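Asks: What follows is start06.txt; its format and atoms are compact mmCIF, C-alpha atoms (C1' of nucleotides).
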# COMPACT_ATOMS: atom_id res chain seq x y z
CA MET A 6 79.71 46.03 67.49
CA GLU A 7 79.63 49.38 69.23
CA THR A 8 81.34 49.43 72.62
CA LYS A 9 79.36 50.79 75.53
CA TYR A 10 81.28 52.67 78.18
CA ARG A 11 79.67 52.60 81.60
CA CYS A 12 81.01 56.00 82.59
CA ASN A 13 83.92 58.39 82.18
CA CYS A 14 86.27 56.64 84.58
CA PRO A 15 89.52 55.63 82.82
CA PHE A 16 89.91 52.49 84.92
CA THR A 17 86.37 51.31 84.33
CA SER A 18 86.61 52.17 80.62
CA ALA A 19 89.66 49.95 80.23
CA LEU A 20 87.60 47.14 81.73
CA ASP A 21 84.71 47.90 79.37
CA VAL A 22 87.11 46.76 76.66
CA LEU A 23 89.25 44.18 78.46
CA GLY A 24 87.12 43.06 81.39
CA ASP A 25 85.96 39.61 80.43
CA LYS A 26 87.19 36.04 80.55
CA TRP A 27 89.13 36.04 77.29
CA MET A 28 90.44 39.31 75.85
CA LEU A 29 93.60 39.55 77.97
CA VAL A 30 94.14 35.79 77.87
CA ILE A 31 94.25 35.80 74.08
CA ILE A 32 96.63 38.75 74.07
CA LYS A 33 98.82 36.96 76.60
CA GLN A 34 98.88 33.84 74.41
CA MET A 35 100.06 35.88 71.45
CA LEU A 36 102.58 37.89 73.44
CA ILE A 37 104.11 35.16 75.57
CA GLU A 38 103.18 31.84 74.00
CA ASP A 39 103.79 32.47 70.32
CA LYS A 40 100.22 31.78 69.26
CA GLU A 41 99.41 33.30 65.92
CA THR A 42 96.88 31.12 64.09
CA PHE A 43 93.33 30.01 64.89
CA LYS A 44 94.64 26.50 65.36
CA ASP A 45 97.30 27.68 67.81
CA PHE A 46 94.61 29.16 70.05
CA THR A 47 92.37 26.12 69.95
CA GLU A 48 95.31 23.97 71.08
CA SER A 49 96.12 26.15 74.09
CA ASP A 50 95.88 25.03 77.72
CA GLU A 51 92.99 27.39 78.26
CA ALA A 52 90.95 25.49 75.67
CA ILE A 53 88.76 28.28 74.34
CA ALA A 54 85.66 27.27 72.37
CA THR A 55 85.93 28.02 68.68
CA ASN A 56 82.85 30.22 68.49
CA ILE A 57 84.06 32.34 71.39
CA LEU A 58 87.53 32.54 69.88
CA SER A 59 86.06 33.66 66.61
CA SER A 60 84.01 36.44 68.19
CA LYS A 61 86.85 37.59 70.43
CA LEU A 62 89.31 37.79 67.55
CA LYS A 63 86.75 39.89 65.71
CA GLN A 64 86.41 42.24 68.69
CA LEU A 65 90.17 42.49 69.12
CA GLU A 66 90.51 43.47 65.47
CA GLU A 67 87.73 46.05 65.78
CA PHE A 68 89.51 47.59 68.76
CA GLY A 69 92.73 47.75 66.77
CA LEU A 70 94.50 45.40 69.14
CA ILE A 71 95.30 42.74 66.56
CA THR A 72 95.72 42.50 62.80
CA LYS A 73 94.63 39.65 60.60
CA SER A 74 96.71 38.67 57.59
CA LYS A 75 97.57 35.92 55.18
CA LEU A 76 100.99 34.97 53.97
CA PRO A 77 101.11 34.62 50.18
CA ASN A 78 102.83 31.27 50.44
CA ASN A 79 100.27 29.83 52.85
CA LYS A 80 96.67 30.34 51.84
CA LYS A 81 95.29 28.05 54.49
CA SER A 82 96.47 29.77 57.63
CA VAL A 83 95.37 33.17 58.88
CA TYR A 84 97.94 34.99 61.00
CA TYR A 85 96.95 37.16 63.92
CA HIS A 86 99.42 39.69 65.27
CA LEU A 87 99.45 42.24 68.06
CA THR A 88 99.48 45.95 67.30
CA ASP A 89 101.47 48.50 69.33
CA LYS A 90 98.26 49.36 71.15
CA ALA A 91 98.12 45.77 72.38
CA LEU A 92 101.82 45.64 73.18
CA ASP A 93 101.14 48.55 75.54
CA LEU A 94 99.02 46.12 77.55
CA THR A 95 102.18 44.28 78.58
CA PRO A 96 102.48 46.07 81.96
CA ILE A 97 98.92 45.06 82.88
CA ILE A 98 99.62 41.44 82.05
CA LEU A 99 102.87 41.50 84.00
CA GLU A 100 101.15 42.95 87.07
CA LEU A 101 98.48 40.27 86.84
CA GLY A 102 101.24 37.67 86.86
CA ILE A 103 103.01 39.27 89.80
CA TRP A 104 99.82 39.39 91.85
CA SER A 105 99.03 35.82 90.94
CA ASP A 106 102.51 34.71 91.92
CA LYS A 107 102.18 36.40 95.30
CA HIS A 108 98.58 35.64 96.23
CA LEU A 109 97.10 32.83 94.16
CA ARG A 110 99.74 30.20 94.68
CA GLU A 111 98.34 29.16 98.05
CA VAL A 112 94.86 28.42 96.68
CA HIS A 113 96.13 27.15 93.33
CA PRO A 114 99.41 25.32 94.04
CA THR A 115 100.00 23.92 90.55
CA ILE A 116 100.51 27.38 89.12
CA VAL A 117 103.74 27.42 87.10
CA ASN A 118 106.93 28.65 88.71
CA ASP A 119 109.66 28.47 86.09
CA GLU A 120 112.62 30.72 85.28
CA GLY A 121 110.29 33.10 83.52
CA MET A 122 108.30 33.62 86.69
CA GLN A 123 111.49 34.06 88.68
CA LEU A 124 112.62 36.77 86.29
CA LEU A 125 109.21 38.44 86.50
CA ARG A 126 109.46 38.40 90.28
CA THR A 127 112.99 39.75 90.49
CA ASP A 128 113.06 42.10 87.51
CA LYS A 129 109.71 43.01 86.06
CA ALA A 130 111.09 45.68 83.71
CA GLU A 131 113.63 43.26 82.26
CA PHE A 132 110.95 40.59 81.84
CA GLY A 133 108.82 43.10 79.97
CA ARG A 134 111.68 44.14 77.71
CA VAL A 135 112.56 40.51 76.94
CA ILE A 136 109.09 39.41 75.89
CA GLU A 137 108.38 42.57 73.90
CA GLU A 138 111.65 42.26 72.03
CA LYS A 139 111.08 38.56 71.40
CA TYR A 140 107.66 39.37 70.05
CA ARG A 141 108.91 42.05 67.69
CA GLU A 142 111.63 39.69 66.46
CA LYS A 143 109.16 36.88 65.83
CA LEU A 144 106.97 39.32 63.97
CA ALA A 145 109.84 40.50 61.81
CA THR A 146 110.82 36.96 60.81
CA THR A 147 107.21 35.99 60.09
CA MET A 148 106.90 39.04 57.88
CA ALA A 149 110.17 38.21 56.16
CA ILE A 150 109.03 34.74 55.09
CA SER A 151 107.82 36.28 51.85
CA ASN A 152 107.33 39.69 50.36
CA TRP A 153 104.73 41.12 52.65
CA GLY A 154 103.17 43.45 50.09
CA ASP A 155 100.94 40.65 48.76
CA SER A 156 99.10 40.22 52.07
CA ASP A 157 95.38 40.70 52.24
CA LYS A 158 92.73 41.66 54.76
CA SER A 159 89.94 39.27 53.81
CA MET B 15 81.51 28.89 95.37
CA GLU B 16 84.59 26.94 94.31
CA THR B 17 86.79 28.78 91.82
CA LYS B 18 87.73 26.93 88.67
CA TYR B 19 91.15 27.60 87.24
CA ARG B 20 91.43 27.03 83.51
CA CYS B 21 95.08 26.01 83.66
CA ASN B 22 98.35 26.59 85.48
CA CYS B 23 99.23 29.88 83.83
CA PRO B 24 99.67 32.66 86.42
CA PHE B 25 98.29 35.32 84.10
CA THR B 26 95.21 33.34 83.18
CA SER B 27 94.66 32.34 86.81
CA ALA B 28 94.58 35.97 87.89
CA LEU B 29 91.86 36.49 85.30
CA ASP B 30 89.96 33.46 86.56
CA VAL B 31 89.50 35.51 89.72
CA LEU B 32 89.42 39.08 88.39
CA GLY B 33 88.42 38.71 84.76
CA ASP B 34 84.86 39.91 84.64
CA LYS B 35 82.95 43.16 84.36
CA TRP B 36 82.86 44.04 88.05
CA MET B 37 85.52 42.66 90.38
CA LEU B 38 88.23 45.22 89.62
CA VAL B 39 85.70 48.03 89.24
CA ILE B 40 84.40 47.46 92.77
CA ILE B 41 87.94 47.33 94.13
CA LYS B 42 88.75 50.55 92.29
CA GLN B 43 85.66 52.23 93.78
CA MET B 44 86.78 51.28 97.26
CA LEU B 45 90.41 52.22 96.68
CA ILE B 46 90.00 55.49 94.81
CA GLU B 47 86.45 56.64 95.35
CA ASP B 48 85.93 56.07 99.05
CA LYS B 49 83.04 53.67 98.64
CA GLU B 50 82.52 51.51 101.70
CA THR B 51 78.82 50.73 102.08
CA PHE B 52 76.28 48.93 99.91
CA LYS B 53 74.57 52.26 99.32
CA ASP B 54 77.83 53.88 98.22
CA PHE B 55 78.23 51.30 95.47
CA THR B 56 74.65 51.57 94.22
CA GLU B 57 75.12 55.33 93.88
CA SER B 58 78.28 55.05 91.77
CA ASP B 59 78.60 56.23 88.16
CA GLU B 60 78.93 52.65 87.04
CA ALA B 61 75.42 51.91 88.39
CA ILE B 62 75.81 48.28 89.31
CA ALA B 63 72.62 46.26 89.83
CA THR B 64 72.01 45.34 93.46
CA ASN B 65 71.86 41.59 92.89
CA ILE B 66 75.16 41.64 91.02
CA LEU B 67 76.70 43.83 93.69
CA SER B 68 75.54 41.44 96.34
CA SER B 69 77.03 38.40 94.64
CA LYS B 70 80.30 40.15 93.79
CA LEU B 71 80.78 41.37 97.36
CA LYS B 72 80.25 37.80 98.48
CA GLN B 73 82.87 36.54 96.03
CA LEU B 74 85.34 39.24 97.02
CA GLU B 75 84.95 38.26 100.65
CA GLU B 76 85.43 34.56 99.81
CA PHE B 77 88.65 35.42 97.98
CA GLY B 78 89.86 37.37 100.98
CA LEU B 79 89.94 40.62 99.03
CA ILE B 80 87.48 42.48 101.23
CA THR B 81 86.20 42.31 104.79
CA LYS B 82 82.67 42.94 105.94
CA SER B 83 82.04 44.61 109.28
CA LYS B 84 79.58 46.59 111.32
CA LEU B 85 80.37 49.54 113.49
CA PRO B 86 78.81 49.22 116.96
CA ASN B 87 77.35 52.71 116.74
CA ASN B 88 75.72 52.13 113.37
CA LYS B 89 73.68 48.95 113.11
CA LYS B 90 72.20 49.79 109.76
CA SER B 91 75.28 50.14 107.60
CA VAL B 92 77.65 47.36 106.67
CA TYR B 93 81.20 48.48 105.96
CA TYR B 94 83.32 46.84 103.29
CA HIS B 95 87.08 47.30 103.36
CA LEU B 96 89.99 46.16 101.24
CA THR B 97 92.50 43.66 102.58
CA ASP B 98 96.24 43.86 101.86
CA LYS B 99 95.73 41.22 99.19
CA ALA B 100 93.40 43.63 97.41
CA LEU B 101 95.68 46.62 97.98
CA ASP B 102 98.31 44.64 96.05
CA LEU B 103 96.02 44.97 93.03
CA THR B 104 96.79 48.69 92.91
CA PRO B 105 99.51 48.32 90.22
CA ILE B 106 97.09 46.48 87.93
CA ILE B 107 94.47 49.19 88.33
CA LEU B 108 97.04 51.92 87.70
CA GLU B 109 98.26 50.22 84.53
CA LEU B 110 94.68 49.91 83.31
CA GLY B 111 94.29 53.65 83.83
CA ILE B 112 97.54 54.45 82.04
CA TRP B 113 96.55 52.33 79.04
CA SER B 114 93.13 53.89 78.98
CA ASP B 115 94.61 57.36 79.14
CA LYS B 116 96.89 56.61 76.21
CA HIS B 117 94.64 54.57 73.93
CA LEU B 118 90.98 54.92 74.83
CA ARG B 119 90.67 58.68 74.85
CA GLU B 120 90.31 58.86 71.07
CA VAL B 121 87.33 56.51 70.96
CA HIS B 122 85.89 57.71 74.28
CA PRO B 123 86.62 61.44 74.49
CA THR B 124 84.65 62.21 77.65
CA ILE B 125 87.02 60.11 79.74
CA VAL B 126 88.13 62.15 82.76
CA ASN B 127 91.42 64.02 82.64
CA ASP B 128 91.88 65.71 85.99
CA GLU B 129 94.93 66.36 88.17
CA GLY B 130 94.76 62.78 89.36
CA MET B 131 95.18 61.51 85.81
CA GLN B 132 98.01 63.95 85.22
CA LEU B 133 99.80 62.64 88.26
CA LEU B 134 99.22 59.05 87.15
CA ARG B 135 100.68 59.92 83.76
CA THR B 136 103.73 61.71 85.06
CA ASP B 137 104.47 59.74 88.22
CA LYS B 138 102.76 56.41 88.51
CA ALA B 139 104.69 55.33 91.61
CA GLU B 140 103.78 58.52 93.45
CA PHE B 141 100.13 58.16 92.42
CA GLY B 142 100.14 54.65 93.80
CA ARG B 143 101.70 55.72 97.07
CA VAL B 144 99.22 58.58 97.49
CA ILE B 145 96.08 56.52 97.03
CA GLU B 146 97.32 53.61 99.13
CA GLU B 147 98.27 55.95 101.96
CA LYS B 148 94.96 57.78 101.71
CA TYR B 149 93.15 54.47 101.87
CA ARG B 150 95.00 53.29 104.95
CA GLU B 151 94.32 56.62 106.65
CA LYS B 152 90.62 56.47 105.86
CA LEU B 153 90.54 52.96 107.19
CA ALA B 154 92.24 53.99 110.41
CA THR B 155 89.78 56.81 111.07
CA THR B 156 86.79 54.61 110.28
CA MET B 157 88.09 52.04 112.73
CA ALA B 158 88.67 54.75 115.33
CA ILE B 159 85.03 55.89 115.31
CA SER B 160 84.33 53.45 118.08
CA ASN B 161 86.04 50.60 119.88
CA TRP B 162 86.55 48.17 117.06
CA GLY B 163 86.48 45.05 119.21
CA ASP B 164 82.68 44.92 119.10
CA SER B 165 82.53 44.44 115.34
CA ASP B 166 80.87 41.38 113.89
CA LYS B 167 80.97 39.24 110.80
CA SER B 168 77.27 38.52 110.29
C1' DA C 16 93.18 12.46 40.11
C1' DT C 17 90.83 11.28 44.05
C1' DT C 18 90.56 10.75 48.79
C1' DT C 19 91.91 12.37 53.29
C1' DA C 20 93.29 15.75 56.50
C1' DT C 21 93.96 20.42 58.04
C1' DT C 22 92.53 25.12 58.93
C1' DA C 23 89.27 28.55 59.92
C1' DC C 24 85.52 29.15 60.79
C1' DT C 25 79.67 28.92 61.57
C1' DT C 26 75.45 27.02 63.60
C1' DG C 27 72.56 25.09 67.14
C1' DT C 28 71.62 24.31 71.79
C1' DG C 29 72.25 24.61 76.59
C1' DT C 30 74.09 26.98 80.84
C1' DT C 31 75.91 30.61 83.40
C1' DT C 32 76.48 35.56 84.09
C1' DC C 33 74.49 39.89 83.99
C1' DG C 34 70.68 43.66 83.95
C1' DC C 35 66.16 45.56 85.40
C1' DA C 36 62.37 45.96 88.35
C1' DA C 37 60.18 44.97 92.31
C1' DG C 38 59.81 43.61 97.03
C1' DC C 39 61.11 42.99 101.95
C1' DA C 40 62.97 43.17 106.78
C1' DA C 41 65.66 45.74 110.15
C1' DA C 42 67.21 50.09 111.75
C1' DA C 43 66.75 55.02 111.94
C1' DA C 44 64.63 59.34 111.26
C1' DT C 45 60.34 62.20 111.50
C1' DA D 18 53.35 55.65 114.68
C1' DT D 19 54.67 56.35 110.13
C1' DT D 20 58.03 57.13 106.69
C1' DT D 21 62.61 56.69 104.99
C1' DT D 22 67.01 54.50 104.57
C1' DT D 23 69.95 50.56 104.14
C1' DG D 24 71.10 46.05 102.73
C1' DC D 25 69.76 42.97 100.75
C1' DT D 26 66.60 38.87 97.83
C1' DT D 27 63.54 37.25 94.05
C1' DG D 28 61.80 36.82 89.39
C1' DC D 29 62.42 37.30 84.70
C1' DG D 30 64.61 38.58 80.26
C1' DA D 31 69.08 39.34 77.79
C1' DA D 32 73.79 38.60 76.90
C1' DA D 33 78.07 35.96 77.38
C1' DC D 34 80.01 31.67 77.39
C1' DA D 35 80.46 26.33 76.66
C1' DC D 36 79.91 22.06 74.02
C1' DA D 37 79.09 19.56 69.96
C1' DA D 38 78.60 19.23 65.31
C1' DG D 39 78.98 20.74 60.61
C1' DT D 40 80.98 23.33 56.43
C1' DA D 41 84.05 25.40 52.83
C1' DA D 42 88.63 26.16 51.21
C1' DT D 43 93.14 24.63 50.93
C1' DA D 44 96.76 21.26 51.16
C1' DA D 45 98.72 16.70 51.72
C1' DA D 46 98.62 11.83 50.85
C1' DT D 47 97.58 7.91 47.96
Translate the structure of the given file into structure tokens.

Replies:
Amino acid sequence: METKYRCNCPFTSALDVLGDKWMLVIIKQMLIEDKETFKDFTESDEAIATNILSSKLKQLEEFGLITKSKLPNNKKSVYYHLTDKALDLTPIILELGIWSDKHLREVHPTIVNDEGMQLLRTDKAEFGRVIEEKYREKLATTMAISNWGDSDKS
Amino acid sequence: METKYRCNCPFTSALDVLGDKWMLVIIKQMLIEDKETFKDFTESDEAIATNILSSKLKQLEEFGLITKSKLPNNKKSVYYHLTDKALDLTPIILELGIWSDKHLREVHPTIVNDEGMQLLRTDKAEFGRVIEEKYREKLATTMAISNWGDSDKS
DNA sequence: ATTTATTACTTGTGTTTCGCAAGCAAAAAT
DNA sequence: ATTTTTGCTTGCGAAACACAAGTAATAAAT
């Protein structure tokens, strides 16, 4: 699926890729909520429909934002992981959270307000470092489960 | 139009408001490209359809992100301006631009790369300050064109 | 070994969002 | 008085999204 860019504006072009209901949500789920399989996503609070999920995962892979792989010792599950290109979206996601924390709480009072949000509020850079490091660690252990060389694209 | 929030996640909730093709683009056009009238938007590079523009401006006003007003000396034009709530979206827009600059240029080579983008790349905070200040100045002069007390909502 | 359950999807059918073209009323310019 | 500009609305087709059901491959349970 060939991406159409509305114009040459960098801001608008980013939204040509990311500006819909699901792309950034899925990336957030992987980055912050440890989702890595199809099942994981379908069980999320956001409750994405499976056909949408399927098409979005395809798009994300086409854009080079995620990789799809199978572990040799588990032929049932497909594992989705973020690329560095997607990890660079972290600042955008953090800023969305900060804005939400500041301005959406009044119209949407049940929005979560845990220690994570407090850290984000008080030290955005630290929050970013923490989740990125956690993600890279998780990725390393997942990869280490078995010799990764046997993985496959299909 | 009542907004539906998918869940209690702050990140997802921000996207429940902003996660579509146009909301952030329109805000960017106002913030960075001096657009303030209906005509201005229809003439933009992004070429938004008038019915979509109309409905998005309505939504933005409902969310308290923009205000609609008429200058007493110009009964034809309607002026749209960003609220502080919308100006707080600046960091998100900047991060979108930074990501675009870093990762989209290869697949979309005609993306602009002017002095503005160089400043954004080298000093994001300064870029943010500059455009916010410019916006507030523009707003002040627009308001000063005539005694603002006569403005109207309809 | 056979049945059952899990995982990762696809397919079909609405509904909502978006895009294109045209039209229309009020204000302003000619 | 007529034309143009501005800020919209309306109608219709296309695309994105939502809901429900079904399928094939693997794995677990009996």

Asks: Quick one: residues within 12 Å of A:Leu36, all atoms listed in the file counted, chain neighbours fewer than 4 positions away excluded, as a ChimeraX atom specification?

Replies: /A:29-32,40-41,70-71,85-89,91-96,98-99,133-144 /B:25

Asks: Produce a table with one row for each residue of chain C that has an atom at most 12 Å from any atom of chain B, each row naming the nearest atom pair and its distance in Å at one decimal; use all atoms listed in the file; arrange rows by chain and rising residue number; format as a tab-separated table.

Replies:
residue	atom	partner	partner_atom	distance
C:DT32	C1'	B:Ile66	CA	9.3
C:DC33	C1'	B:Ile66	CA	7.3
C:DG34	C1'	B:Ala63	CA	6.7
C:DC35	C1'	B:Ala63	CA	7.9
C:DA36	C1'	B:Ala63	CA	10.4
C:DA37	C1'	B:Thr64	CA	11.9
C:DA40	C1'	B:Lys90	CA	11.7
C:DA41	C1'	B:Lys90	CA	7.7
C:DA42	C1'	B:Lys90	CA	5.4
C:DA43	C1'	B:Lys90	CA	7.9

Asks: Residues of chain D no more than 10 Å from chain B, counting only C-alpha atoms (C1' of nucleotides): send them over as a PDB file with C-alpha atoms (C1' of nucleotides), in the coordinates of the input.

Replies:
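The resulting out39.pdb:
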ATOM      1  C1'  DT D  22      67.010  54.500 104.570  1.00  0.00           C
ATOM      2  C1'  DT D  23      69.950  50.560 104.140  1.00  0.00           C
ATOM      3  C1'  DG D  24      71.100  46.050 102.730  1.00  0.00           C
ATOM      4  C1'  DC D  25      69.760  42.970 100.750  1.00  0.00           C
ATOM      5  C1'  DT D  26      66.600  38.870  97.830  1.00  0.00           C
ATOM      6  C1'  DT D  27      63.540  37.250  94.050  1.00  0.00           C
TER       7       DT D  27
END

Asks: Write out as JSON, numbers by chain each polymer residue whose atoms come within 12 Å of C:DG29, counting all atoms listed in the file; drop sequence neighbours fewer than 3 positions from it.

Replies: {"D": [34, 35, 36, 37]}

Asks: Please, which residues are within 9 Å of (84.6, 28.4, 93.9) by the file's coordinates, counting only C-alpha atoms (C1' of nucleotides), and could they come as a PyMOL selection string?

Replies: chain B and resi 15-18+73+76

Asks: Using all atoms listed in the file, I'd like every residue of chain B that has an atom within 8 Å of chain A; please write them out as a PyMOL selection string.

Replies: chain B and resi 19-30+33-36+39+42+59-60+99+102-103+105-111+113-115+117-118+122+124-126

Asks: Could you please determine the separation between atom C1' of D:DA33 and atom CA of A:Asp45 in Å, to one decimal place?

Replies: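 Between atom C1' of D:DA33 and atom CA of A:Asp45 the gap is 23.0 Å.
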
Asks: Could you state the separation of atom CA of B:Thr56 and atom C1' of C:DC39 in Å, given to one decimal place?

Replies: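 Taking atom CA of B:Thr56 and atom C1' of C:DC39, their separation equals 17.8 Å.
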
Asks: For a test of reading the model, state the distance in Å between atom CA of B:Tyr93 and atom CA of B:Gly130, rounded to one decimal.

Replies: 25.8 Å
